[in-house]
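Notes follow once the structure below has been shown.
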There are 2 protein chains.
Amino acid sequence: MVDSAEKQRGYEAQLRDAGVRMTRPRRAILKILAETADHPDAMEIFRRAVALDDSISLSTVYRTMKLLEDKGAIQRHAFAGGPSRFEQADGAHHDHLIDIDTGNVIEFQSDRIEELQNEIAKSLGYDIVHHRLELYGRKRRKR
Amino acid sequence: MVDSAEKQRGYEAQLRDAGVRMTRPRRAILKILAETADHPDAMEIFRRAVALDDSISLSTVYRTMKLLEDKGAIQRHAFAGGPSRFEQADGAHHDHLIDIDTGNVIEFQSDRIEELQNEIAKSLGYDIVHHRLELYGRKRRKR
DNA sequence: CTCTTGTTGCAAACGATTTGCATTTGCATT
DNA sequence: AATGCAAATGCAAATCGTTTGCAACAAGAG
Ligand SMILES: [Mn+2]
Ligand SMILES: [Mn+2]
Ligand SMILES: [Zn+2]
Ligand SMILES: [Zn+2]
C-alpha cells in the first residue's frame, strides 16, 4: 500500500514530465494500475475507477489506456477470445500462461526462448520488433 | 494445380464422412483453401469465392470458416491488429513471423521452443492446451 | 484570474463477426 | 424421378469491443 502510493507518485511525475495533464480520471486510473497485480480489461478498470470517481466514463478509460500505451507506461495484451487486458510496463519482459478455465494469467520468463526467437528471426532475415508468446493451459489434475 | 485438385477432393471426402453436406459455397471455399499458400482473412476468401460463385455471401464464409475450424480442417490465427486469418490444418505445427511492413506471414518451427514451453507449463503445474507464438518483425536492412 | 488548449462525457459510429428468419438446397427416402 | 425434411443460405439486423465527433469543461502557463 505504502509502496504502491509511492509508485503511483512516480508514475504521475514521469507522465507530467512527458507533458501529460494530470486530470481526475487519469489519477484514478493510474492509482488502479499501480495497485493491481493482475491484468484487468477496460471494463474492469472502468468499474474500479467508478468506485474512486463516479463521473468517469468508459470512453475516458479507453482513451487513457491508449495514451498510456503510447507513452510506454502500460502494455496491452490481446489474449485469445476476450477483450484487451492491461498491465503496467515497469517490470522486466515476460510472457503469459492463461488458465483457460479461470482466465487467470500467470507470468513467466525464459531467456532461452527469447534467444531462440532472435536466432530464428535472424536466420529468416528479420529483426524482431515485438513478439507474443502465450500458453493456454489447464491446471494439471492432481494425482 | 493437379496436386491441389487432388488435395481438395481429399478434403471434401473427409468432411462428407464427418457428416458435412457439400454445398456450392463450401466447395468454393474448400477449393480456395486447397489452392492458397498464404493466410487469407474472411474478406479475402469472400472475394476469391465470389469469383467462383457470385452468389456466395460473406455470412456463409464466416459460417463455413467456423465449421471447418470446429471440424479441425483449418486453423484460425488472430494476428495483432487485423482480422482473423486462416490456413488449412493439414501440415505440421508451426508458428509465425509477421512482417509488420507488408503483413506477410513466414512460417517457422522450433522443437526446442516447443519443448521449453512444455517444461515451463509443467513447472507451473499446467498442461498446455494450445499456444500462440508470433514474432513481429521487419526485414533486416541489407548491409 | 484569464486564456488557451487539452480533456471529458455522451451518443453515435465503427469494423469484425454473429445471428434471426424466411427461403432454398442437399440428399436420404420412396 | 418425385418427395420430404433437416440443414444451409442470403440478407438485414444485432452484437461486442473500441473509437470518434462534438459541445461543455477544466488544467495549468502566464
Ligand atoms: Mn504480465
Ligand atoms: Mn501458417
Ligand atoms: Zn517473450
Ligand atoms: Zn508452436
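All residue names refer to the C-alpha cells as shown: chains lettered A, B, ... in order, residues numbered from 1 in each chain, ligands numbered from 1 in order.
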Contacts of chain A with chain B up to 12 Å, shortest pair per row, only C-alpha atoms, as JSON lines:
{"residue": "A:Arg76", "atom": "CA", "partner": "B:Ala80", "partner_atom": "CA", "distance": 10.9}
{"residue": "A:His77", "atom": "CA", "partner": "B:Ala80", "partner_atom": "CA", "distance": 9.6}
{"residue": "A:Ala78", "atom": "CA", "partner": "B:Ala80", "partner_atom": "CA", "distance": 7.8}
{"residue": "A:Phe79", "atom": "CA", "partner": "B:Ala78", "partner_atom": "CA", "distance": 9.5}
{"residue": "A:Ala80", "atom": "CA", "partner": "B:Ala78", "partner_atom": "CA", "distance": 7.8}
{"residue": "A:Gly81", "atom": "CA", "partner": "B:Ala78", "partner_atom": "CA", "distance": 9.4}
{"residue": "A:Gly82", "atom": "CA", "partner": "B:Ala78", "partner_atom": "CA", "distance": 11.7}
{"residue": "A:Ser84", "atom": "CA", "partner": "B:Ala80", "partner_atom": "CA", "distance": 11.2}
{"residue": "A:Asp95", "atom": "CA", "partner": "B:Leu133", "partner_atom": "CA", "distance": 10.2}
{"residue": "A:His96", "atom": "CA", "partner": "B:His131", "partner_atom": "CA", "distance": 10.1}
{"residue": "A:Leu97", "atom": "CA", "partner": "B:Ala121", "partner_atom": "CA", "distance": 7.6}
{"residue": "A:Ile98", "atom": "CA", "partner": "B:Ile128", "partner_atom": "CA", "distance": 9.5}
{"residue": "A:Asp99", "atom": "CA", "partner": "B:Tyr126", "partner_atom": "CA", "distance": 8.3}
{"residue": "A:Ile100", "atom": "CA", "partner": "B:Val129", "partner_atom": "CA", "distance": 8.4}
{"residue": "A:Asp101", "atom": "CA", "partner": "B:Val129", "partner_atom": "CA", "distance": 11.0}
{"residue": "A:Val105", "atom": "CA", "partner": "B:Leu124", "partner_atom": "CA", "distance": 11.6}
{"residue": "A:Ile106", "atom": "CA", "partner": "B:Leu124", "partner_atom": "CA", "distance": 8.5}
{"residue": "A:Glu107", "atom": "CA", "partner": "B:Leu124", "partner_atom": "CA", "distance": 9.8}
{"residue": "A:Phe108", "atom": "CA", "partner": "B:Ile120", "partner_atom": "CA", "distance": 7.9}
{"residue": "A:Gln109", "atom": "CA", "partner": "B:Ile120", "partner_atom": "CA", "distance": 8.9}
{"residue": "A:Ser110", "atom": "CA", "partner": "B:Leu116", "partner_atom": "CA", "distance": 8.4}
{"residue": "A:Asp111", "atom": "CA", "partner": "B:Leu116", "partner_atom": "CA", "distance": 10.6}
{"residue": "A:Arg112", "atom": "CA", "partner": "B:Leu116", "partner_atom": "CA", "distance": 8.3}
{"residue": "A:Ile113", "atom": "CA", "partner": "B:Ile113", "partner_atom": "CA", "distance": 6.0}
{"residue": "A:Glu114", "atom": "CA", "partner": "B:Ile113", "partner_atom": "CA", "distance": 9.3}
{"residue": "A:Glu115", "atom": "CA", "partner": "B:Ile113", "partner_atom": "CA", "distance": 10.0}
{"residue": "A:Leu116", "atom": "CA", "partner": "B:Ile113", "partner_atom": "CA", "distance": 7.2}
{"residue": "A:Gln117", "atom": "CA", "partner": "B:Leu135", "partner_atom": "CA", "distance": 7.7}
{"residue": "A:Asn118", "atom": "CA", "partner": "B:Leu135", "partner_atom": "CA", "distance": 9.2}
{"residue": "A:Glu119", "atom": "CA", "partner": "B:Ser110", "partner_atom": "CA", "distance": 10.6}
{"residue": "A:Ile120", "atom": "CA", "partner": "B:Phe108", "partner_atom": "CA", "distance": 7.9}
{"residue": "A:Ala121", "atom": "CA", "partner": "B:Leu97", "partner_atom": "CA", "distance": 7.6}
{"residue": "A:Lys122", "atom": "CA", "partner": "B:Arg140", "partner_atom": "CA", "distance": 8.1}
{"residue": "A:Ser123", "atom": "CA", "partner": "B:Arg140", "partner_atom": "CA", "distance": 10.4}
{"residue": "A:Leu124", "atom": "CA", "partner": "B:Ile106", "partner_atom": "CA", "distance": 8.5}
{"residue": "A:Gly125", "atom": "CA", "partner": "B:Arg140", "partner_atom": "CA", "distance": 5.6}
{"residue": "A:Tyr126", "atom": "CA", "partner": "B:Lys139", "partner_atom": "CA", "distance": 4.4}
{"residue": "A:Asp127", "atom": "CA", "partner": "B:Gly137", "partner_atom": "CA", "distance": 5.3}
{"residue": "A:Ile128", "atom": "CA", "partner": "B:Gly137", "partner_atom": "CA", "distance": 4.1}
{"residue": "A:Val129", "atom": "CA", "partner": "B:Gly137", "partner_atom": "CA", "distance": 4.8}
{"residue": "A:His130", "atom": "CA", "partner": "B:Tyr136", "partner_atom": "CA", "distance": 5.3}
{"residue": "A:His131", "atom": "CA", "partner": "B:Leu135", "partner_atom": "CA", "distance": 4.4}
{"residue": "A:Arg132", "atom": "CA", "partner": "B:Glu134", "partner_atom": "CA", "distance": 5.2}
{"residue": "A:Leu133", "atom": "CA", "partner": "B:Leu133", "partner_atom": "CA", "distance": 4.5}
{"residue": "A:Glu134", "atom": "CA", "partner": "B:Arg132", "partner_atom": "CA", "distance": 5.2}
{"residue": "A:Leu135", "atom": "CA", "partner": "B:His131", "partner_atom": "CA", "distance": 4.4}
{"residue": "A:Tyr136", "atom": "CA", "partner": "B:His130", "partner_atom": "CA", "distance": 5.3}
{"residue": "A:Gly137", "atom": "CA", "partner": "B:Ile128", "partner_atom": "CA", "distance": 4.1}
{"residue": "A:Arg138", "atom": "CA", "partner": "B:Tyr126", "partner_atom": "CA", "distance": 5.4}
{"residue": "A:Lys139", "atom": "CA", "partner": "B:Tyr126", "partner_atom": "CA", "distance": 4.4}
{"residue": "A:Arg140", "atom": "CA", "partner": "B:Tyr126", "partner_atom": "CA", "distance": 4.9}
{"residue": "A:Arg141", "atom": "CA", "partner": "B:Tyr126", "partner_atom": "CA", "distance": 8.7}
{"residue": "A:Lys142", "atom": "CA", "partner": "B:Gly125", "partner_atom": "CA", "distance": 9.3}
{"residue": "A:Arg143", "atom": "CA", "partner": "B:Gly125", "partner_atom": "CA", "distance": 11.8}
Please determine the contact residues of chain A with respect to chain D at a cut-off of 8 Å, counting only C-alpha atoms (C1' of nucleotides), and supply them as a list in words. Arg21, Met22, Thr23, Tyr62 and Pro83 of chain A
Just asking: which residues within chain A are alpha helix (DSSP H) according to DSSP, as a ChimeraX atom specification? /A:2-17,24-35,42-52,58-70,111-123
Chain fit of chain A to chain B, all Cα atoms, as a compact mmCIF listing (two decimals) with C-alpha atoms, in the first residue's frame:
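Heads up, here's the output in part.txt:
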# COMPACT_ATOMS: atom_id res chain seq x y z
CA MET A 1 -2.63 -27.52 -59.60
CA VAL A 2 -3.06 -31.23 -60.17
CA ASP A 3 -1.94 -31.64 -56.64
CA SER A 4 -4.35 -29.16 -55.10
CA ALA A 5 -7.31 -30.58 -56.99
CA GLU A 6 -6.44 -33.95 -55.55
CA LYS A 7 -5.97 -32.48 -52.14
CA GLN A 8 -9.32 -30.78 -52.34
CA ARG A 9 -11.07 -34.00 -53.25
CA GLY A 10 -9.52 -35.54 -50.18
CA TYR A 11 -10.84 -32.70 -48.08
CA GLU A 12 -14.35 -33.01 -49.36
CA ALA A 13 -14.47 -36.75 -48.82
CA GLN A 14 -13.17 -36.34 -45.30
CA LEU A 15 -15.77 -33.72 -44.47
CA ARG A 16 -18.61 -35.64 -46.05
CA ASP A 17 -17.63 -38.61 -43.89
CA ALA A 18 -17.91 -36.30 -40.92
CA GLY A 19 -21.51 -35.64 -41.92
CA VAL A 20 -20.98 -32.25 -43.54
CA ARG A 21 -23.16 -31.47 -46.55
CA MET A 22 -21.26 -30.45 -49.63
CA THR A 23 -22.82 -27.29 -50.91
CA ARG A 24 -21.76 -24.95 -53.67
CA PRO A 25 -20.31 -22.29 -51.33
CA ARG A 26 -18.44 -24.87 -49.30
CA ARG A 27 -16.92 -26.40 -52.37
CA ALA A 28 -15.75 -22.98 -53.51
CA ILE A 29 -14.19 -22.18 -50.16
CA LEU A 30 -12.49 -25.56 -49.91
CA LYS A 31 -11.04 -25.07 -53.35
CA ILE A 32 -9.66 -21.71 -52.33
CA LEU A 33 -8.14 -23.09 -49.17
CA ALA A 34 -6.62 -26.04 -50.99
CA GLU A 35 -4.99 -23.80 -53.56
CA THR A 36 -3.70 -20.98 -51.42
CA ALA A 37 -0.31 -20.91 -49.80
CA ASP A 38 -0.87 -17.78 -47.73
CA HIS A 39 -3.05 -16.85 -44.76
CA PRO A 40 -6.10 -15.02 -46.13
CA ASP A 41 -8.73 -13.36 -43.96
CA ALA A 42 -12.49 -13.83 -44.31
CA MET A 43 -12.91 -10.84 -46.63
CA GLU A 44 -10.15 -12.06 -48.90
CA ILE A 45 -11.64 -15.54 -49.01
CA PHE A 46 -14.97 -13.94 -49.78
CA ARG A 47 -13.48 -12.02 -52.70
CA ARG A 48 -11.86 -15.12 -54.12
CA ALA A 49 -15.04 -17.11 -53.60
CA VAL A 50 -17.19 -14.61 -55.44
CA ALA A 51 -14.98 -15.17 -58.46
CA LEU A 52 -15.99 -18.83 -58.40
CA ASP A 53 -19.61 -18.37 -57.43
CA ASP A 54 -20.97 -14.86 -57.41
CA SER A 55 -23.92 -15.69 -55.18
CA ILE A 56 -21.82 -16.46 -52.12
CA SER A 57 -22.34 -14.21 -49.10
CA LEU A 58 -19.85 -13.07 -46.53
CA SER A 59 -21.97 -14.61 -43.77
CA THR A 60 -21.54 -17.98 -45.36
CA VAL A 61 -17.81 -17.51 -45.51
CA TYR A 62 -17.78 -16.79 -41.79
CA ARG A 63 -20.10 -19.68 -41.05
CA THR A 64 -18.01 -22.02 -43.12
CA MET A 65 -14.78 -20.95 -41.51
CA LYS A 66 -16.23 -21.67 -38.11
CA LEU A 67 -17.50 -25.04 -39.26
CA LEU A 68 -14.16 -26.01 -40.72
CA GLU A 69 -12.41 -24.83 -37.60
CA ASP A 70 -14.68 -26.94 -35.43
CA LYS A 71 -14.05 -29.94 -37.64
CA GLY A 72 -10.35 -29.33 -37.30
CA ALA A 73 -9.92 -28.76 -41.02
CA ILE A 74 -8.50 -25.26 -40.69
CA GLN A 75 -6.76 -23.09 -38.16
CA ARG A 76 -7.70 -19.54 -37.25
CA HIS A 77 -4.99 -17.02 -36.36
CA ALA A 78 -5.79 -13.70 -34.72
CA PHE A 79 -2.63 -11.80 -35.49
CA ALA A 80 -2.23 -8.41 -33.85
CA GLY A 81 -4.20 -5.56 -35.30
CA GLY A 82 -6.09 -7.22 -38.11
CA PRO A 83 -8.96 -9.63 -38.66
CA SER A 84 -8.58 -13.39 -38.23
CA ARG A 85 -6.64 -15.18 -40.91
CA PHE A 86 -6.96 -18.81 -41.90
CA GLU A 87 -5.00 -21.73 -43.22
CA GLN A 88 -5.54 -25.43 -43.76
CA ALA A 89 -4.69 -27.60 -40.80
CA ASP A 90 -3.03 -30.35 -42.76
CA GLY A 91 0.68 -29.68 -42.27
CA ALA A 92 2.72 -29.99 -39.13
CA HIS A 93 2.55 -27.49 -36.29
CA HIS A 94 4.41 -24.26 -36.84
CA ASP A 95 4.47 -20.72 -35.58
CA HIS A 96 4.55 -17.41 -37.44
CA LEU A 97 6.69 -14.41 -38.10
CA ILE A 98 4.66 -11.47 -39.37
CA ASP A 99 6.30 -8.78 -41.46
CA ILE A 100 4.91 -5.63 -39.87
CA ASP A 101 5.47 -3.62 -43.04
CA THR A 102 3.79 -5.92 -45.53
CA GLY A 103 1.62 -8.20 -43.44
CA ASN A 104 3.40 -11.17 -44.98
CA VAL A 105 3.45 -14.28 -42.88
CA ILE A 106 6.47 -16.54 -42.67
CA GLU A 107 6.19 -19.94 -41.03
CA PHE A 108 8.80 -21.48 -38.81
CA GLN A 109 9.12 -24.30 -36.39
CA SER A 110 11.37 -24.92 -33.42
CA ASP A 111 11.29 -28.20 -31.54
CA ARG A 112 13.46 -26.64 -28.89
CA ILE A 113 10.99 -23.85 -28.21
CA GLU A 114 8.10 -26.28 -28.11
CA GLU A 115 10.01 -28.35 -25.57
CA LEU A 116 10.79 -25.36 -23.42
CA GLN A 117 7.18 -24.27 -23.46
CA ASN A 118 6.13 -27.66 -22.15
CA GLU A 119 8.74 -27.58 -19.43
CA ILE A 120 7.63 -24.14 -18.32
CA ALA A 121 3.97 -25.08 -18.22
CA LYS A 122 4.79 -28.25 -16.36
CA SER A 123 6.84 -26.41 -13.77
CA LEU A 124 3.87 -24.12 -13.21
CA GLY A 125 1.56 -27.09 -12.77
CA TYR A 126 -0.21 -26.78 -16.10
CA ASP A 127 -0.80 -28.78 -19.25
CA ILE A 128 -0.70 -26.73 -22.44
CA VAL A 129 -3.92 -26.96 -24.43
CA HIS A 130 -2.72 -24.67 -27.18
CA HIS A 131 -0.34 -21.80 -27.57
CA ARG A 132 0.47 -18.85 -29.71
CA LEU A 133 3.93 -17.72 -30.68
CA GLU A 134 4.11 -14.81 -33.05
CA LEU A 135 7.16 -12.79 -33.96
CA TYR A 136 6.48 -9.36 -35.41
CA GLY A 137 9.46 -8.12 -37.32
CA ARG A 138 10.93 -6.03 -40.04
CA LYS A 139 13.17 -7.18 -42.83
CA ARG A 140 16.77 -6.55 -41.90
CA ARG A 141 18.31 -3.64 -43.80
CA LYS A 142 20.81 -4.96 -46.25
CA ARG A 143 24.33 -3.91 -45.41
I need the contact residues of chain C against chain A, so if you could list those with any atom within 12 Å, counting only C-alpha atoms (C1' of nucleotides), and return them as a PDB file with N, CA, C and O atoms (P, O5', C5', C4', C3', O3' and C1' of nucleotides), in the first residue's frame, that would help.
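Output below, filename selection.pdb:
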ATOM      1  P    DT C   5      -3.914  27.998 -28.281  1.00  0.00           P
ATOM      2  O5'  DT C   5      -3.890  26.514 -27.731  1.00  0.00           O
ATOM      3  C5'  DT C   5      -3.075  26.189 -26.589  1.00  0.00           C
ATOM      4  C4'  DT C   5      -3.634  24.935 -25.965  1.00  0.00           C
ATOM      5  C3'  DT C   5      -4.079  23.902 -27.008  1.00  0.00           C
ATOM      6  O3'  DT C   5      -3.386  22.721 -26.695  1.00  0.00           O
ATOM      7  C1'  DT C   5      -5.745  24.184 -25.352  1.00  0.00           C
ATOM      8  P    DG C   6      -3.537  21.383 -27.511  1.00  0.00           P
ATOM      9  O5'  DG C   6      -3.939  20.400 -26.317  1.00  0.00           O
ATOM     10  C5'  DG C   6      -3.168  20.435 -25.126  1.00  0.00           C
ATOM     11  C4'  DG C   6      -3.934  19.739 -24.025  1.00  0.00           C
ATOM     12  C3'  DG C   6      -4.339  18.314 -24.365  1.00  0.00           C
ATOM     13  O3'  DG C   6      -4.146  17.561 -23.189  1.00  0.00           O
ATOM     14  C1'  DG C   6      -6.282  19.607 -23.903  1.00  0.00           C
ATOM     15  P    DT C   7      -4.553  16.094 -23.093  1.00  0.00           P
ATOM     16  O5'  DT C   7      -6.036  16.204 -22.516  1.00  0.00           O
ATOM     17  C5'  DT C   7      -6.213  16.586 -21.154  1.00  0.00           C
ATOM     18  C4'  DT C   7      -7.657  16.359 -20.772  1.00  0.00           C
ATOM     19  C3'  DT C   7      -8.165  14.947 -21.037  1.00  0.00           C
ATOM     20  O3'  DT C   7      -8.618  14.429 -19.796  1.00  0.00           O
ATOM     21  C1'  DT C   7      -9.698  16.589 -21.840  1.00  0.00           C
ATOM     22  P    DT C   8      -9.307  13.035 -19.746  1.00  0.00           P
ATOM     23  O5'  DT C   8     -10.841  13.436 -19.802  1.00  0.00           O
ATOM     24  C5'  DT C   8     -11.427  14.071 -18.653  1.00  0.00           C
ATOM     25  C4'  DT C   8     -12.883  14.400 -18.912  1.00  0.00           C
ATOM     26  C3'  DT C   8     -13.744  13.177 -19.179  1.00  0.00           C
ATOM     27  O3'  DT C   8     -14.522  12.916 -18.014  1.00  0.00           O
ATOM     28  C1'  DT C   8     -14.199  14.974 -20.727  1.00  0.00           C
ATOM     29  P    DG C   9     -15.243  11.564 -17.849  1.00  0.00           P
ATOM     30  O5'  DG C   9     -16.663  11.859 -18.499  1.00  0.00           O
ATOM     31  C5'  DG C   9     -17.560  12.759 -17.870  1.00  0.00           C
ATOM     32  C4'  DG C   9     -18.795  12.938 -18.751  1.00  0.00           C
ATOM     33  C3'  DG C   9     -19.558  11.639 -19.021  1.00  0.00           C
ATOM     34  O3'  DG C   9     -20.941  11.903 -18.812  1.00  0.00           O
ATOM     35  C1'  DG C   9     -18.908  12.648 -21.084  1.00  0.00           C
ATOM     36  P    DC C  10     -22.005  10.767 -18.746  1.00  0.00           P
ATOM     37  O5'  DC C  10     -22.679  10.833 -20.202  1.00  0.00           O
ATOM     38  C5'  DC C  10     -23.177  12.079 -20.691  1.00  0.00           C
ATOM     39  C4'  DC C  10     -23.402  11.979 -22.194  1.00  0.00           C
ATOM     40  C3'  DC C  10     -23.986  10.638 -22.650  1.00  0.00           C
ATOM     41  O3'  DC C  10     -25.335  10.829 -23.041  1.00  0.00           O
ATOM     42  C1'  DC C  10     -22.258  11.422 -24.107  1.00  0.00           C
ATOM     43  P    DA C  11     -26.197   9.523 -23.555  1.00  0.00           P
ATOM     44  O5'  DA C  11     -26.146   9.688 -25.142  1.00  0.00           O
ATOM     45  C5'  DA C  11     -26.011  10.996 -25.723  1.00  0.00           C
ATOM     46  C4'  DA C  11     -25.702  10.852 -27.200  1.00  0.00           C
ATOM     47  C3'  DA C  11     -26.405   9.666 -27.855  1.00  0.00           C
ATOM     48  O3'  DA C  11     -26.727  10.007 -29.200  1.00  0.00           O
ATOM     49  C1'  DA C  11     -24.074   9.365 -28.028  1.00  0.00           C
TER      50       DA C  11
END
Just the strand (DSSP E or B) stuff from range 5-142 of chain B, please, per backbone DSSP, written as a ChimeraX atom specification. /B:41,74-77,85-88,95-99,105-108,126-139
